[in-house]
file input18.pdb (PDB, C-alpha atoms)
ATOM      1  CA  MET H   1      83.490 127.503  98.050
ATOM      2  CA  THR H   2      80.362 129.585  98.184
ATOM      3  CA  ALA H   3      78.492 130.320  95.015
ATOM      4  CA  GLU H   4      75.772 128.839  92.856
ATOM      5  CA  ILE H   5      78.583 126.784  91.338
ATOM      6  CA  GLN H   6      80.337 125.240  94.318
ATOM      7  CA  ALA H   7      83.283 123.042  95.111
ATOM      8  CA  GLN H   8      83.371 120.774  98.130
ATOM      9  CA  PRO H   9      83.584 122.868 101.336
ATOM     10  CA  THR H  10      86.450 122.374 103.716
ATOM     11  CA  PRO H  11      85.394 121.122 107.163
ATOM     12  CA  GLY H  12      85.922 123.814 109.728
ATOM     13  CA  VAL H  13      84.289 126.780 111.375
ATOM     14  CA  GLY H  14      81.713 128.616 109.247
ATOM     15  CA  THR H  15      81.629 132.393 108.856
ATOM     16  CA  HIS H  16      78.810 134.382 107.292
ATOM     17  CA  VAL H  17      79.904 137.296 105.089
ATOM     18  CA  ASP H  18      77.515 139.129 102.742
ATOM     19  CA  GLY H  19      75.029 136.282 102.905
ATOM     20  CA  GLN H  20      77.629 133.687 101.937
ATOM     21  CA  HIS H  21      78.915 130.879 104.141
ATOM     22  CA  TYR H  22      82.662 130.377 104.389
ATOM     23  CA  HIS H  23      84.186 127.254 105.898
ATOM     24  CA  ARG H  24      87.372 128.174 107.687
ATOM     25  CA  PRO H  25      90.061 125.479 107.670
ATOM     26  CA  ARG H  26      91.022 123.791 110.882
ATOM     27  CA  THR H  27      94.729 124.565 110.465
ATOM     28  CA  ASP H  28      96.913 126.601 108.136
ATOM     29  CA  ALA H  29      98.133 123.355 106.569
ATOM     30  CA  ALA H  30      94.517 122.448 105.783
ATOM     31  CA  ALA H  31      94.064 125.874 104.194
ATOM     32  CA  ILE H  32      97.047 125.275 101.919
ATOM     33  CA  ARG H  33      95.727 121.816 100.962
ATOM     34  CA  ASP H  34      92.341 123.352 100.185
ATOM     35  CA  ILE H  35      93.955 125.958  97.940
ATOM     36  CA  CYS H  36      96.002 123.301  96.124
ATOM     37  CA  ARG H  37      92.863 121.222  95.595
ATOM     38  CA  GLU H  38      91.009 124.209  94.140
ATOM     39  CA  PHE H  39      93.948 124.962  91.858
ATOM     40  CA  LEU H  40      94.020 121.400  90.542
ATOM     41  CA  HIS H  41      90.297 121.572  89.722
ATOM     42  CA  MET H  42      90.522 125.039  88.162
ATOM     43  CA  HIS H  43      89.949 123.676  84.638
ATOM     44  CA  ASP H  44      86.708 121.972  85.681
ATOM     45  CA  ARG H  45      85.578 125.110  87.520
ATOM     46  CA  ALA H  46      86.270 127.204  84.443
ATOM     47  CA  ALA H  47      84.171 124.835  82.308
ATOM     48  CA  GLU H  48      81.284 125.026  84.798
ATOM     49  CA  ILE H  49      81.414 128.822  84.895
ATOM     50  CA  LYS H  50      81.544 129.097  81.100
ATOM     51  CA  ALA H  51      78.523 126.806  80.826
ATOM     52  CA  ASP H  52      76.403 129.192  82.929
ATOM     53  CA  PRO H  53      78.249 132.440  83.740
ATOM     54  CA  ALA H  54      75.076 134.197  84.910
ATOM     55  CA  ALA H  55      74.784 131.712  87.797
ATOM     56  CA  PHE H  56      78.229 132.589  89.142
ATOM     57  CA  HIS H  57      78.386 134.829  92.221
ATOM     58  CA  PRO H  58      81.629 136.721  93.033
ATOM     59  CA  LYS H  59      83.108 135.969  96.434
ATOM     60  CA  LEU H  60      84.644 138.262  99.012
ATOM     61  CA  VAL H  61      87.832 136.595 100.275
ATOM     62  CA  LEU H  62      89.480 137.984 103.404
ATOM     63  CA  SER H  63      92.551 136.769 105.247
ATOM     64  CA  ASP H  64      90.335 135.642 108.109
ATOM     65  CA  HIS H  65      88.585 133.157 105.794
ATOM     66  CA  VAL H  66      91.727 131.072 105.267
ATOM     67  CA  ARG H  67      93.243 131.245 108.739
ATOM     68  CA  GLY H  68      93.318 128.120 110.830
ATOM     69  CA  THR H  69      91.256 127.882 114.007
ATOM     70  CA  SER H  70      93.541 125.613 116.058
ATOM     71  CA  TYR H  71      95.233 126.747 119.276
ATOM     72  CA  LEU H  72      98.649 127.182 117.624
ATOM     73  CA  ASP H  73      97.093 129.239 114.831
ATOM     74  CA  LYS H  74      95.443 131.516 117.383
ATOM     75  CA  VAL H  75      98.800 131.927 119.130
ATOM     76  CA  ALA H  76     100.375 132.775 115.773
ATOM     77  CA  ASP H  77      97.680 135.405 115.201
ATOM     78  CA  TRP H  78      98.367 136.965 118.575
ATOM     79  CA  VAL H  79     102.154 136.976 118.054
ATOM     80  CA  ASN H  80     101.813 138.523 114.612
ATOM     81  CA  ARG H  81      99.470 141.226 115.868
ATOM     82  CA  PHE H  82     101.762 141.953 118.803
ATOM     83  CA  CYS H  83     104.981 142.082 116.770
ATOM     84  CA  GLY H  84     103.332 144.131 114.059
ATOM     85  CA  SER H  85     101.955 146.746 116.417
ATOM     86  CA  MET H  86     103.205 150.327 116.202
ATOM     87  CA  TYR H  87     103.084 150.520 120.008
ATOM     88  CA  VAL H  88     105.667 147.732 120.227
ATOM     89  CA  PHE H  89     107.792 149.491 117.601
ATOM     90  CA  LEU H  90     107.701 152.802 119.472
ATOM     91  CA  PHE H  91     108.368 151.107 122.836
ATOM     92  CA  ILE H  92     111.417 149.240 121.529
ATOM     93  CA  THR H  93     112.759 152.261 119.638
ATOM     94  CA  PHE H  94     112.504 154.637 122.593
ATOM     95  CA  GLY H  95     113.765 151.916 124.925
ATOM     96  CA  ILE H  96     116.910 151.396 122.832
ATOM     97  CA  VAL H  97     117.615 155.144 122.671
ATOM     98  CA  ALA H  98     117.095 155.533 126.423
ATOM     99  CA  TRP H  99     119.255 152.482 127.139
ATOM    100  CA  MET H 100     122.100 153.833 125.008
ATOM    101  CA  ILE H 101     121.997 157.217 126.734
ATOM    102  CA  LEU H 102     121.491 156.009 130.298
ATOM    103  CA  GLY H 103     123.870 153.074 129.909
ATOM    104  CA  GLU H 104     126.708 155.435 129.067
ATOM    105  CA  GLU H 105     125.760 158.049 131.653
ATOM    106  CA  ILE H 106     125.082 155.728 134.573
ATOM    107  CA  GLY H 107     127.671 153.185 133.541
ATOM    108  CA  PHE H 108     125.712 149.906 133.658
ATOM    109  CA  ASP H 109     126.220 149.277 129.909
ATOM    110  CA  LYS H 110     128.895 151.386 128.251
ATOM    111  CA  VAL H 111     129.808 151.625 124.532
ATOM    112  CA  PRO H 112     129.551 149.320 122.567
ATOM    113  CA  TRP H 113     126.593 148.311 124.764
ATOM    114  CA  PRO H 114     127.270 144.534 124.919
ATOM    115  CA  LEU H 115     124.355 143.876 127.278
ATOM    116  CA  LEU H 116     121.906 145.714 124.985
ATOM    117  CA  LEU H 117     123.123 143.847 121.915
ATOM    118  CA  THR H 118     122.832 140.527 123.732
ATOM    119  CA  ILE H 119     119.273 141.246 124.836
ATOM    120  CA  LEU H 120     118.268 142.367 121.343
ATOM    121  CA  ASN H 121     119.824 139.348 119.640
ATOM    122  CA  LEU H 122     118.140 136.749 121.838
ATOM    123  CA  PRO H 123     114.569 137.044 120.467
ATOM    124  CA  GLN H 124     115.591 137.524 116.841
ATOM    125  CA  LEU H 125     115.274 133.846 115.884
ATOM    126  CA  SER H 126     111.759 133.584 117.292
ATOM    127  CA  ILE H 127     110.754 136.843 115.655
ATOM    128  CA  MET H 128     112.119 135.705 112.285
ATOM    129  CA  ILE H 129     110.095 132.480 112.515
ATOM    130  CA  SER H 130     107.033 134.473 113.488
ATOM    131  CA  LEU H 131     107.489 136.722 110.470
ATOM    132  CA  GLN H 132     107.771 133.669 108.201
ATOM    133  CA  VAL H 133     104.570 132.247 109.665
ATOM    134  CA  SER H 134     102.861 135.566 108.995
ATOM    135  CA  ALA H 135     104.198 135.590 105.427
ATOM    136  CA  ASN H 136     102.911 132.049 104.826
ATOM    137  CA  ARG H 137      99.455 132.974 106.085
ATOM    138  CA  ALA H 138      99.412 136.101 103.951
ATOM    139  CA  GLN H 139     100.477 134.049 100.922
ATOM    140  CA  ALA H 140      97.636 131.579 101.526
ATOM    141  CA  ALA H 141      95.120 134.428 101.657
ATOM    142  CA  SER H 142      96.604 135.920  98.488
ATOM    143  CA  ASP H 143      96.337 132.595  96.646
ATOM    144  CA  LYS H 144      92.738 132.110  97.774
ATOM    145  CA  ARG H 145      91.894 135.634  96.630
ATOM    146  CA  ALA H 146      93.630 135.065  93.285
ATOM    147  CA  ILE H 147      91.537 131.937  92.641
ATOM    148  CA  ALA H 148      88.322 133.807  93.449
ATOM    149  CA  ASP H 149      89.340 136.714  91.189
ATOM    150  CA  HIS H 150      90.221 134.305  88.386
ATOM    151  CA  GLU H 151      86.795 132.679  88.562
ATOM    152  CA  THR H 152      85.129 136.095  88.506
ATOM    153  CA  LEU H 153      87.166 137.152  85.472
ATOM    154  CA  ILE H 154      86.205 133.951  83.642
ATOM    155  CA  ALA H 155      82.513 134.687  84.268
ATOM    156  CA  LEU H 156      82.890 138.315  83.166
ATOM    157  CA  HIS H 157      84.812 137.289  80.049
ATOM    158  CA  GLU H 158      82.182 134.735  79.070
ATOM    159  CA  MET H 159      79.346 137.221  79.605
ATOM    160  CA  GLY H 160      81.274 139.788  77.563
ATOM    161  CA  LYS H 161      81.572 137.292  74.687
ATOM    162  CA  GLN H 162      77.820 136.623  74.878
ATOM    163  CA  GLN H 163      77.085 140.354  74.785
ATOM    164  CA  LEU H 164      79.319 140.749  71.726
ATOM    165  CA  ASP H 165      77.452 137.932  69.973
ATOM    166  CA  ILE H 166      74.146 139.654  70.751
ATOM    167  CA  LEU H 167      75.427 142.985  69.430
ATOM    168  CA  GLU H 168      76.721 141.365  66.240
ATOM    169  CA  GLY H 169      73.324 139.724  65.717
ATOM    170  CA  GLN H 170      71.630 143.089  66.203
ATOM    171  CA  ASP H 171      73.978 144.649  63.661
ATOM    172  CA  ARG H 172      73.062 141.982  61.092
ATOM    173  CA  VAL H 173      69.335 142.538  61.681
ATOM    174  CA  LEU H 174      69.756 146.302  61.385
ATOM    175  CA  ALA H 175      71.690 145.877  58.134
ATOM    176  CA  ILE H 176      68.854 143.798  56.681
ATOM    177  CA  LEU H 177      66.261 146.334  57.783
ATOM    178  CA  ASN H 178      68.347 149.176  56.412
ATOM    179  CA  ASN H 179      68.575 147.357  53.089
ATOM    180  CA  PHE H 180      64.786 147.134  52.856
ATOM    181  CA  ALA H 181      64.339 150.722  53.997
ATOM    182  CA  SER H 182      66.948 152.211  51.638
ATOM    183  CA  LYS H 183      66.253 155.329  49.587
ATOM    184  CA  ASP H 184      65.854 153.488  46.250
ATOM    185  CA  MET H 185      63.050 151.278  47.624
ATOM    186  CA  PRO H 186      60.273 153.245  45.822
ATOM    187  CA  GLY H 187      62.001 152.654  42.459
ATOM    188  CA  ARG H 188      62.245 148.958  43.245
ATOM    189  CA  GLN H 189      58.564 148.833  44.141
ATOM    190  CA  GLU H 190      57.648 150.418  40.794
ATOM    191  CA  HIS H 191      59.835 147.914  38.943
ATOM    192  CA  ILE H 192      58.248 145.036  40.859
ATOM    193  CA  GLN H 193      54.742 146.362  40.063
ATOM    194  CA  GLN H 194      55.552 146.543  36.349
ATOM    195  CA  CYS H 195      56.780 142.951  36.398
ATOM    196  CA  VAL H 196      53.604 141.843  38.165
ATOM    197  CA  ASP H 197      51.434 143.661  35.595
ATOM    198  CA  GLN H 198      53.274 141.994  32.735
ATOM    199  CA  ILE H 199      52.834 138.575  34.320
ATOM    200  CA  LEU H 200      49.124 139.128  34.893
ATOM    201  CA  ALA H 201      48.673 140.358  31.335
ATOM    202  CA  THR H 202      50.393 137.244  30.019
ATOM    203  CA  VAL H 203      48.585 134.635  32.115
ATOM    204  CA  GLY H 204      45.219 136.459  32.326
ATOM    205  CA  PRO H 205      42.093 135.211  30.415
ATOM    206  CA  LYS H 206      42.037 136.207  26.719
ATOM    207  CA  PRO H 207      38.823 137.630  25.108
ATOM    208  CA  ALA H 208      36.722 135.156  23.006
ATOM    209  CA  ALA H 209      36.913 135.312  19.206
ATOM    210  CA  GLY H 210      34.416 137.741  17.646
ATOM    211  CA  ALA H 211      33.683 139.383  20.946
ATOM    212  CA  GLU H 212      33.898 143.095  20.985
ATOM    213  CA  PRO H 213      36.311 144.429  23.421
ATOM    214  CA  GLY H 214      35.036 146.610  26.124
TER     215      GLY H 214
END

call {"tool": "encode", "arguments": {"input": "input18.pdb", "output": "structure tokens"}}
result
Amino acid sequence: MTAEIQAQPTPGVGTHVDGQHYHRPRTDAAAIRDICREFLHMHDRAAEIKADPAAFHPKLVLSDHVRGTSYLDKVADWVNRFCGSMYVFLFITFGIVAWMILGEEIGFDKVPWPLLLTILNLPQLSIMISLQVSANRAQAASDKRAIADHETLIALHEMGKQQLDILEGQDRVLAILNNFASKDMPGRQEHIQQCVDQILATVGPKPAAGAEPG
């Protein structure tokens, strides 16, 4: 994890993003283990962030940061990009329509188009597995992003609490100052001066006997 407050990095390929160093996992399974390890230590991370929230740095988490770098993972990336392309969608859609029209007109595959249905059903199992692999990788990226967002929210919440404490302290100081600067302060000063004069008159030196005043 990349921040002033860090967890142990996962061995893998490093990627620099916004001045931060990300360690990509070797495989998707390693990425899931890394996420589980971070989740188990979330309480300790929260305590570290609360101890010094100003030292925490938010992280940008992209799907590429949690994807494996092995050969099979690269193949999975290519398959997912290929199957999820709009060009493939348009090619298959127009191909099916053309097959249905030409198959009936020419006669090589009449209604109910058994050859077309057979060809379309063959790759479905592989495509379904590919979609599940893509969903698992997307879920791993979502979990990683959720952990990063949770840490950021903890830091923001702690800094918000500190700001509220500062504002409450300022309110108490302002109340004290307002009390001293209230409108009846001149009357209080006069009362205090009278009390001081009475005290001085009581404890002051008395004139000697037979001495004329003045």

call {"tool": "atom_distance", "arguments": {"input": "input18.pdb", "atom1": "CA of Leu117 in chain H", "atom2": "CA of Tyr87 in chain H"}}
result
21.2 Å

call {"tool": "atom_distance", "arguments": {"input": "input18.pdb", "atom1": "CA of Gln132 in chain H", "atom2": "CA of Gly84 in chain H"}}
result
12.8 Å

call {"tool": "residues_near_point", "arguments": {"input": "input18.pdb", "point": "(108.1, 137.5, 110.0)", "cutoff": "12 Å", "atoms": "all atoms listed in the file", "output": "list in words"}}
result
Ala76, Asp77, Val79, Asn80, Arg81, Phe82, Cys83, Gly84, Gln124, Leu125, Ser126, Ile127, Met128, Ile129, Ser130, Leu131, Gln132, Val133, Ser134, Ala135, Asn136, Arg137 and Ala138 of chain H

call {"tool": "write_last_selection", "arguments": {"input": "input18.pdb", "atoms": "C-alpha atoms", "output": "JSON list (two decimals), in the coordinates of the input"}}
result
[["chain", "number", "residue", "atom", "x", "y", "z"],
["H", 76, "ALA", "CA", 100.38, 132.78, 115.77],
["H", 77, "ASP", "CA", 97.68, 135.40, 115.20],
["H", 79, "VAL", "CA", 102.15, 136.98, 118.05],
["H", 80, "ASN", "CA", 101.81, 138.52, 114.61],
["H", 81, "ARG", "CA", 99.47, 141.23, 115.87],
["H", 82, "PHE", "CA", 101.76, 141.95, 118.80],
["H", 83, "CYS", "CA", 104.98, 142.08, 116.77],
["H", 84, "GLY", "CA", 103.33, 144.13, 114.06],
["H", 124, "GLN", "CA", 115.59, 137.52, 116.84],
["H", 125, "LEU", "CA", 115.27, 133.85, 115.88],
["H", 126, "SER", "CA", 111.76, 133.58, 117.29],
["H", 127, "ILE", "CA", 110.75, 136.84, 115.66],
["H", 128, "MET", "CA", 112.12, 135.71, 112.28],
["H", 129, "ILE", "CA", 110.10, 132.48, 112.52],
["H", 130, "SER", "CA", 107.03, 134.47, 113.49],
["H", 131, "LEU", "CA", 107.49, 136.72, 110.47],
["H", 132, "GLN", "CA", 107.77, 133.67, 108.20],
["H", 133, "VAL", "CA", 104.57, 132.25, 109.66],
["H", 134, "SER", "CA", 102.86, 135.57, 109.00],
["H", 135, "ALA", "CA", 104.20, 135.59, 105.43],
["H", 136, "ASN", "CA", 102.91, 132.05, 104.83],
["H", 137, "ARG", "CA", 99.46, 132.97, 106.08],
["H", 138, "ALA", "CA", 99.41, 136.10, 103.95]]

call {"tool": "residues_around", "arguments": {"input": "input18.pdb", "residues": "Arg67 in chain H", "least_positions_apart": "3", "cutoff": "9 Å", "atoms": "only C-alpha atoms", "output": "PDB file with C-alpha atoms, in the frame of the given file"}}
result
ATOM      1  CA  ARG H  24      87.372 128.174 107.687  1.00  0.00           C
ATOM      2  CA  PRO H  25      90.061 125.479 107.670  1.00  0.00           C
ATOM      3  CA  ARG H  26      91.022 123.791 110.882  1.00  0.00           C
ATOM      4  CA  THR H  27      94.729 124.565 110.465  1.00  0.00           C
ATOM      5  CA  ASP H  28      96.913 126.601 108.136  1.00  0.00           C
ATOM      6  CA  ALA H  31      94.064 125.874 104.194  1.00  0.00           C
ATOM      7  CA  SER H  63      92.551 136.769 105.247  1.00  0.00           C
ATOM      8  CA  ASP H  64      90.335 135.642 108.109  1.00  0.00           C
ATOM      9  CA  ASP H  73      97.093 129.239 114.831  1.00  0.00           C
ATOM     10  CA  LYS H  74      95.443 131.516 117.383  1.00  0.00           C
ATOM     11  CA  ASP H  77      97.680 135.405 115.201  1.00  0.00           C
ATOM     12  CA  ARG H 137      99.455 132.974 106.085  1.00  0.00           C
ATOM     13  CA  ALA H 140      97.636 131.579 101.526  1.00  0.00           C
ATOM     14  CA  ALA H 141      95.120 134.428 101.657  1.00  0.00           C
TER      15      ALA H 141
END

call {"tool": "resolve_selection", "arguments": {"input": "input18.pdb", "expression": "the PyMOL selection byres ((chain H and resi 155) around 7)", "output": "VMD selection string"}}
result
chain H and resid 49 to 50 53 56 151 to 154 156 to 159

call {"tool": "write_last_selection", "arguments": {"input": "input18.pdb", "atoms": "C-alpha atoms", "output": "mmCIF file, in the frame of the given file"}}
result
data_model
loop_
_atom_site.group_PDB
_atom_site.id
_atom_site.type_symbol
_atom_site.label_atom_id
_atom_site.label_comp_id
_atom_site.auth_asym_id
_atom_site.auth_seq_id
_atom_site.Cartn_x
_atom_site.Cartn_y
_atom_site.Cartn_z
ATOM 1 C CA ILE H 49 81.414 128.822 84.895
ATOM 2 C CA LYS H 50 81.544 129.097 81.100
ATOM 3 C CA PRO H 53 78.249 132.440 83.740
ATOM 4 C CA PHE H 56 78.229 132.589 89.142
ATOM 5 C CA GLU H 151 86.795 132.679 88.562
ATOM 6 C CA THR H 152 85.129 136.095 88.506
ATOM 7 C CA LEU H 153 87.166 137.152 85.472
ATOM 8 C CA ILE H 154 86.205 133.951 83.642
ATOM 9 C CA LEU H 156 82.890 138.315 83.166
ATOM 10 C CA HIS H 157 84.812 137.289 80.049
ATOM 11 C CA GLU H 158 82.182 134.735 79.070
ATOM 12 C CA MET H 159 79.346 137.221 79.605
#

call {"tool": "resolve_selection", "arguments": {"input": "input18.pdb", "expression": "the PyMOL selection byres ((chain H and resi 100) around 12)", "output": "list in words"}}
result
Thr93, Phe94, Gly95, Ile96, Val97, Ala98, Trp99, Ile101, Leu102, Gly103, Glu104, Glu105, Ile106, Gly107, Phe108, Asp109, Lys110, Val111, Pro112, Trp113, Pro114, Leu115, Leu116 and Leu117 of chain H

call {"tool": "atom_distance", "arguments": {"input": "input18.pdb", "atom1": "CA of Asp171 in chain H", "atom2": "CA of Asp52 in chain H"}}
result
24.8 Å

call {"tool": "closest_residue", "arguments": {"input": "input18.pdb", "among": "H:Ala30, H:Ile147, H:Ile92, H:Val196", "to": "Gly68 in chain H", "atoms": "all atoms listed in the file"}}
result
H:Ala30

call {"tool": "axis_aligned_box", "arguments": {"input": "input18.pdb", "around": "range 90-109 of chain H", "padding_each_side": "4 Å", "output": "lines of an AutoDock Vina configuration file"}}
result
center_x = 117.7
center_y = 153.6
center_z = 127.0
size_x = 28.0
size_y = 16.8
size_z = 23.1

call {"tool": "closest_residue", "arguments": {"input": "input18.pdb", "among": "H:Ala54, H:Ala175, H:Ala29, H:Ala47", "to": "Gly160 in chain H", "atoms": "all atoms listed in the file"}}
result
H:Ala54

call {"tool": "closest_residue", "arguments": {"input": "input18.pdb", "among": "H:Ala55, H:Glu48, H:Glu38, H:Tyr71", "to": "Ala146 in chain H", "atoms": "all atoms listed in the file"}}
result
H:Glu38

call {"tool": "residues_around", "arguments": {"input": "input18.pdb", "residues": "Asp149 in chain H", "least_positions_apart": "5", "cutoff": "12 Å", "atoms": "all atoms listed in the file", "output": "PyMOL selection string"}}
result
chain H and resi 57-61+142-144+154-156
